[in-house]
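Undergrad: Before we start, here is the structure in question, set down as structure tokens.
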Amino acid sequence: MALKQRLLYLSAQSTDPRSLALSQALHEPVRDTIVEIDPMRTSLDYETVHDAVCDGWRVVHFPDQRGSLDGSDIEVFGYQFVLEKLDQFDD
Amino acid sequence: MTSTTDISVENLLTDYQVANFVINGYHIVEPQFPADFHSKVYSELELLPMNPGDEINKVIPKIDQVYEHPAVIGALSSLLGRDYTRAAHRHCHKNHPGTRSQAWHQDSLNIPTLDEGHGRVSDHVQSVLVMYYPQYVGSNMGPTALIPGSHLFTAAADRNASHGNFRDQIVAVVPAGTVLILHYDIWHAGTANTSDQIRYMVKYLFERASESTEPTWNHDPDKDDHIFERLEHDEAALIQRSLVSKRNYRRTTMWNNLAGNAGLKYEYHDKWSGDWPQPNK
């Protein structure tokens with residue numbers, strides 16, 4: 001067993017951690033896994049970043065407050081928070 | 001190119017359906033064929049020794065019948081004009097059991113057989129992807145996933161590569177023979193096939209040949225106010241508030257580009273006058 005970092009990417013509707021999450025991707029520290037689009041999923045694991053924090057996730061990256069690339073032709077969906085949780089995993 | 005004699009009024013889209021396409025970026029058609037038609041197409045696909053690429057319609061001519069069905073022609077004429085053209089590029093996706101999901105993407109623009117000058121067009125319908133599924137697609141068979149309304153936004157896929165599942169994604173769990181018409185720029189992905197069946201999807205591209213001078217669908221100008229309301233207020237997928245005004249502007253511009261001389265006329269009205277808010281209880 002080893003302590004490993006789980007990563008949860010949550011994109012929120014604003015820089016407010018209590019705003020609704022619009023997407024999520026959970027990266028488990030397990031080789032040969034990928035983050036798949038789950039066609040059976042009807043909701044996200046957390047409604048907001050704050051909900052995830054209440055569940056023990058720790059924010060390690062906050063979105064840039066300059067926000068999305070407003071005024072540019074390039075758009076990015078949401079404001080991305082990256083969270084971590086350390087758990088024991090088999091090597 | 002279609003002939004106007006192929007187009008019957010009852011197969012044209014309604015204002016409501018065109019507004020849905022502008023807002024969400026997709027439209028579903030279920031053309032009627034004999035009961036065994038699609039299973040025969042599936043059987044012929046199974047016999048192909050190799051991927052015929054653009055020649056898929058030559059090796060299985062039945063597939064052209066799907067794209068030439070009056071219901072499909074009516075929908076395409078409504079969205080692209082009656083003189084729309086079929087691009088030379090076609091592709092059959094063969095999704096084996098065990099196939100993993102794709103990442104979210106907009107389809108490539110680097111297709112030489114698309115008309116010269118084809119690019120992302122967030123405020124018009126210049127090209128559509130038309131996906132035909134010859135078999136039932138269950139949720140475990142690698143259905144196509146979409147982000148409704150995402151055709152209005154342009155972004156490099158690598159800038160949006162870390163999203164995973166969206167709150168408002170939808171998946172095309174559809175009966176055999178379904179035709180899914182997508183705005184070319186919609187964000188989509190094939191998902192994992194965890195079933196024990198191969199899932200086929202045949203994709204054709206169609207393009208606009210000329211600008212609209214009038215609506216090419218069953219248009220009722222009396223519905224313009226209602227359409228304008230929908231373009232301003234209907235939700236597709238959840239997005240950040242700072243993109244909403246851009247989204248609404250592009251929706252209205254797209255509608256007006258489709259409608260030609262019958263575009264929506266914006267008239268200012270004071271929407272704030274009226275009753276005062278009630279005291280909090």
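Chain labels A, B, ... are given in the sequence in which chains occur in the structure tokens; within each chain residues are numbered consecutively from 1, and ligands are likewise numbered from 1 in the order shown.
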Based on DSSP run over this structure's backbone, return all residues of chain A in helix (DSSP H, G or I), as a list of chain:residue names.

TA: A:Val49, A:His50, A:Asp51, A:Ala52, A:Val53, A:Cys54

Undergrad: Keeping only C-alpha atoms, write the selected residues as a PDB file, in the first residue's frame.

TA:
```
ATOM      1  CA  VAL A  49     -16.549  22.752  -5.206  1.00  0.00           C
ATOM      2  CA  HIS A  50     -17.633  23.570  -1.674  1.00  0.00           C
ATOM      3  CA  ASP A  51     -19.527  20.262  -1.483  1.00  0.00           C
ATOM      4  CA  ALA A  52     -16.328  18.453  -2.469  1.00  0.00           C
ATOM      5  CA  VAL A  53     -14.328  20.332   0.153  1.00  0.00           C
ATOM      6  CA  CYS A  54     -16.903  19.320   2.767  1.00  0.00           C
TER       7      CYS A  54
END
```

Undergrad: So which residues touch Gln80 in chain A within 8 Å, counting only C-alpha atoms, skipping near sequence neighbours fewer than 5 positions away, as JSON, numbers by chain?

TA: {"A": [9, 10, 11, 12, 62, 63]}

Undergrad: Take the residues from that selection and write them out as a PDB file, in the first residue's frame, keeping C-alpha atoms.

TA:
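Written out: selection_37.pdb:
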```pdb
ATOM      1  CA  TYR A   9     -11.027  18.516 -11.697  1.00  0.00           C
ATOM      2  CA  LEU A  10     -14.216  20.493 -11.151  1.00  0.00           C
ATOM      3  CA  SER A  11     -15.170  23.283 -13.528  1.00  0.00           C
ATOM      4  CA  ALA A  12     -17.570  25.699 -11.918  1.00  0.00           C
ATOM      5  CA  PHE A  62      -7.808  27.921  -8.003  1.00  0.00           C
ATOM      6  CA  PRO A  63      -9.092  29.354 -11.289  1.00  0.00           C
TER       7      PRO A  63
END
```

Undergrad: Do a neighbour search on Phe33 in chain B at 12 Å with only C-alpha atoms, toss out local chain neighbours closer than 3 positions, and write the hits as a ChimeraX atom specification.

TA: /B:30,36-41,62-63,65-66,68-71,134,176-178

Undergrad: Within 7 Å of chain A, which residues of chain B show up when using only C-alpha atoms, listed as a list in words?

TA: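 Every residue meeting the condition is included here: Ser101, Ser139, Phe153, Thr154, Ala155, Arg159, Asn160, Ser162, His163, Gly164, Asn165, Phe166, Arg167, Val171, Thr191, Leu238, Ile239 and Gln240 of chain B.
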
Undergrad: Would you please extract all strand (DSSP E) residues from chain A, as assigned by DSSP on the backbone, and give them as a PDB file with N, CA and C atoms, in the first residue's frame?

TA:
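Contents of out30.pdb, as written:
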```
ATOM      1  N   ALA A   2       0.405   2.279  -0.661  1.00  0.00           N
ATOM      2  CA  ALA A   2       1.157   3.537  -0.688  1.00  0.00           C
ATOM      3  C   ALA A   2       0.166   4.695  -0.711  1.00  0.00           C
ATOM      4  N   LEU A   3       0.587   5.787  -0.099  1.00  0.00           N
ATOM      5  CA  LEU A   3      -0.262   6.976  -0.099  1.00  0.00           C
ATOM      6  C   LEU A   3      -0.155   7.649  -1.463  1.00  0.00           C
ATOM      7  N   LYS A   4      -1.276   7.817  -2.133  1.00  0.00           N
ATOM      8  CA  LYS A   4      -1.249   8.393  -3.481  1.00  0.00           C
ATOM      9  C   LYS A   4      -2.297   9.493  -3.609  1.00  0.00           C
ATOM     10  N   GLN A   5      -2.044  10.330  -4.613  1.00  0.00           N
ATOM     11  CA  GLN A   5      -2.880  11.519  -4.810  1.00  0.00           C
ATOM     12  C   GLN A   5      -4.015  11.237  -5.797  1.00  0.00           C
ATOM     13  N   ARG A   6      -5.230  11.413  -5.356  1.00  0.00           N
ATOM     14  CA  ARG A   6      -6.385  11.384  -6.262  1.00  0.00           C
ATOM     15  C   ARG A   6      -6.631  12.826  -6.694  1.00  0.00           C
ATOM     16  N   LEU A   7      -6.920  13.023  -7.958  1.00  0.00           N
ATOM     17  CA  LEU A   7      -7.144  14.383  -8.482  1.00  0.00           C
ATOM     18  C   LEU A   7      -8.562  14.515  -8.996  1.00  0.00           C
ATOM     19  N   LEU A   8      -9.214  15.568  -8.572  1.00  0.00           N
ATOM     20  CA  LEU A   8     -10.583  15.835  -9.020  1.00  0.00           C
ATOM     21  C   LEU A   8     -10.609  17.218  -9.677  1.00  0.00           C
ATOM     22  N   TYR A   9     -10.882  17.245 -10.977  1.00  0.00           N
ATOM     23  CA  TYR A   9     -11.027  18.516 -11.697  1.00  0.00           C
ATOM     24  C   TYR A   9     -12.508  18.875 -11.703  1.00  0.00           C
ATOM     25  N   LEU A  10     -12.831  20.016 -11.129  1.00  0.00           N
ATOM     26  CA  LEU A  10     -14.216  20.493 -11.151  1.00  0.00           C
ATOM     27  C   LEU A  10     -14.239  21.855 -11.828  1.00  0.00           C
ATOM     28  N   SER A  11     -14.999  21.972 -12.892  1.00  0.00           N
ATOM     29  CA  SER A  11     -15.170  23.283 -13.528  1.00  0.00           C
ATOM     30  C   SER A  11     -16.485  23.862 -13.048  1.00  0.00           C
ATOM     31  N   ALA A  12     -16.407  25.075 -12.539  1.00  0.00           N
ATOM     32  CA  ALA A  12     -17.570  25.699 -11.918  1.00  0.00           C
ATOM     33  C   ALA A  12     -18.072  26.855 -12.781  1.00  0.00           C
ATOM     34  N   ALA A  21     -21.097  23.315 -10.234  1.00  0.00           N
ATOM     35  CA  ALA A  21     -20.085  22.666 -11.079  1.00  0.00           C
ATOM     36  C   ALA A  21     -20.742  22.287 -12.397  1.00  0.00           C
ATOM     37  N   LEU A  22     -20.036  22.515 -13.498  1.00  0.00           N
ATOM     38  CA  LEU A  22     -20.609  22.126 -14.787  1.00  0.00           C
ATOM     39  C   LEU A  22     -19.924  20.903 -15.382  1.00  0.00           C
ATOM     40  N   SER A  23     -18.750  20.553 -14.866  1.00  0.00           N
ATOM     41  CA  SER A  23     -18.133  19.302 -15.317  1.00  0.00           C
ATOM     42  C   SER A  23     -17.205  18.776 -14.238  1.00  0.00           C
ATOM     43  N   GLN A  24     -16.885  17.502 -14.343  1.00  0.00           N
ATOM     44  CA  GLN A  24     -15.929  16.915 -13.410  1.00  0.00           C
ATOM     45  C   GLN A  24     -15.126  15.819 -14.089  1.00  0.00           C
ATOM     46  N   ALA A  25     -13.896  15.655 -13.635  1.00  0.00           N
ATOM     47  CA  ALA A  25     -13.072  14.535 -14.085  1.00  0.00           C
ATOM     48  C   ALA A  25     -12.277  14.052 -12.890  1.00  0.00           C
ATOM     49  N   LEU A  26     -12.401  12.777 -12.577  1.00  0.00           N
ATOM     50  CA  LEU A  26     -11.699  12.196 -11.436  1.00  0.00           C
ATOM     51  C   LEU A  26     -10.568  11.316 -11.956  1.00  0.00           C
ATOM     52  N   HIS A  27      -9.336  11.661 -11.558  1.00  0.00           N
ATOM     53  CA  HIS A  27      -8.156  10.892 -11.969  1.00  0.00           C
ATOM     54  C   HIS A  27      -7.670  10.073 -10.786  1.00  0.00           C
ATOM     55  N   ARG A  58      -9.264  18.681  -1.039  1.00  0.00           N
ATOM     56  CA  ARG A  58      -8.500  19.901  -0.744  1.00  0.00           C
ATOM     57  C   ARG A  58      -8.166  20.579  -2.067  1.00  0.00           C
ATOM     58  N   VAL A  59      -8.474  21.868  -2.171  1.00  0.00           N
ATOM     59  CA  VAL A  59      -8.208  22.588  -3.415  1.00  0.00           C
ATOM     60  C   VAL A  59      -6.711  22.845  -3.547  1.00  0.00           C
ATOM     61  N   VAL A  60      -6.145  22.429  -4.679  1.00  0.00           N
ATOM     62  CA  VAL A  60      -4.711  22.677  -4.909  1.00  0.00           C
ATOM     63  C   VAL A  60      -4.478  23.660  -6.053  1.00  0.00           C
ATOM     64  N   HIS A  61      -5.558  23.983  -6.775  1.00  0.00           N
ATOM     65  CA  HIS A  61      -5.434  24.991  -7.843  1.00  0.00           C
ATOM     66  C   HIS A  61      -6.747  25.751  -7.934  1.00  0.00           C
ATOM     67  N   TYR A  79     -14.847  27.566 -14.904  1.00  0.00           N
ATOM     68  CA  TYR A  79     -13.664  27.991 -14.149  1.00  0.00           C
ATOM     69  C   TYR A  79     -13.162  26.778 -13.378  1.00  0.00           C
ATOM     70  N   GLN A  80     -11.930  26.389 -13.663  1.00  0.00           N
ATOM     71  CA  GLN A  80     -11.495  25.088 -13.180  1.00  0.00           C
ATOM     72  C   GLN A  80     -10.778  25.127 -11.841  1.00  0.00           C
ATOM     73  N   PHE A  81     -11.289  24.335 -10.920  1.00  0.00           N
ATOM     74  CA  PHE A  81     -10.627  24.064  -9.639  1.00  0.00           C
ATOM     75  C   PHE A  81     -10.045  22.648  -9.729  1.00  0.00           C
ATOM     76  N   VAL A  82      -8.841  22.482  -9.186  1.00  0.00           N
ATOM     77  CA  VAL A  82      -8.269  21.139  -9.094  1.00  0.00           C
ATOM     78  C   VAL A  82      -8.163  20.802  -7.613  1.00  0.00           C
ATOM     79  N   LEU A  83      -8.696  19.646  -7.250  1.00  0.00           N
ATOM     80  CA  LEU A  83      -8.715  19.228  -5.848  1.00  0.00           C
ATOM     81  C   LEU A  83      -7.967  17.912  -5.695  1.00  0.00           C
ATOM     82  N   GLU A  84      -7.477  17.670  -4.501  1.00  0.00           N
ATOM     83  CA  GLU A  84      -6.787  16.408  -4.240  1.00  0.00           C
ATOM     84  C   GLU A  84      -7.304  15.770  -2.974  1.00  0.00           C
ATOM     85  N   LYS A  85      -7.128  14.472  -2.943  1.00  0.00           N
ATOM     86  CA  LYS A  85      -7.377  13.710  -1.717  1.00  0.00           C
ATOM     87  C   LYS A  85      -6.315  12.615  -1.687  1.00  0.00           C
ATOM     88  N   LEU A  86      -5.694  12.441  -0.558  1.00  0.00           N
ATOM     89  CA  LEU A  86      -4.655  11.412  -0.453  1.00  0.00           C
ATOM     90  C   LEU A  86      -5.257  10.148   0.161  1.00  0.00           C
ATOM     91  N   ASP A  87      -5.066   9.040  -0.523  1.00  0.00           N
ATOM     92  CA  ASP A  87      -5.610   7.769  -0.047  1.00  0.00           C
ATOM     93  C   ASP A  87      -4.585   6.671  -0.261  1.00  0.00           C
ATOM     94  N   GLN A  88      -4.769   5.595   0.441  1.00  0.00           N
ATOM     95  CA  GLN A  88      -3.889   4.431   0.288  1.00  0.00           C
ATOM     96  C   GLN A  88      -4.319   3.618  -0.931  1.00  0.00           C
ATOM     97  N   PHE A  89      -3.359   3.294  -1.780  1.00  0.00           N
ATOM     98  CA  PHE A  89      -3.632   2.475  -2.970  1.00  0.00           C
ATOM     99  C   PHE A  89      -2.618   1.358  -3.039  1.00  0.00           C
TER     100      PHE A  89
END
```

Undergrad: Nearest residue to Leu231 in chain B out of B:Leu243, B:Leu129, B:Ala88, B:Met254, using only C-alpha atoms?

TA: B:Met254

Undergrad: Have a look at CA of Tyr200 in chain B and CA of His151 in chain B and let me know their distance in Å, one decimal.

TA: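 Computing it gives 23.9 Å between the two atoms.
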
Undergrad: Give me, please, the distance in Å between CA of Ala236 in chain B and CA of Ile170 in chain B, quoted to one decimal.

TA: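 About the pair CA of Ala236 in chain B and CA of Ile170 in chain B: they are 10.6 Å apart.
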
Undergrad: So what do you get for CA of Asp222 in chain B versus CA of Gln17 in chain B, distance-wise?

TA: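 Between CA of Asp222 in chain B and CA of Gln17 in chain B the gap is 15.6 Å.
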
Undergrad: Please provide as a list of chain:residue names all residues within 9 Å of Lys94 in chain B, with the sequence filter that same-chain residues fewer than 4 positions apart are discarded (counting only C-alpha atoms).

TA: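 Contacts, in chain order: B:Asn51, B:Ile198, B:Arg199, B:Tyr200, B:Met201, B:Val202.
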
Undergrad: Which neighbours of range 262-271 of chain B fall inside 9 Å, counting only C-alpha atoms, when residues of the same chain fewer than 5 positions from it are skipped, and could you give them as a ChimeraX atom specification?

TA: /B:213-215,221,224-225,227-228,252-253,255-257
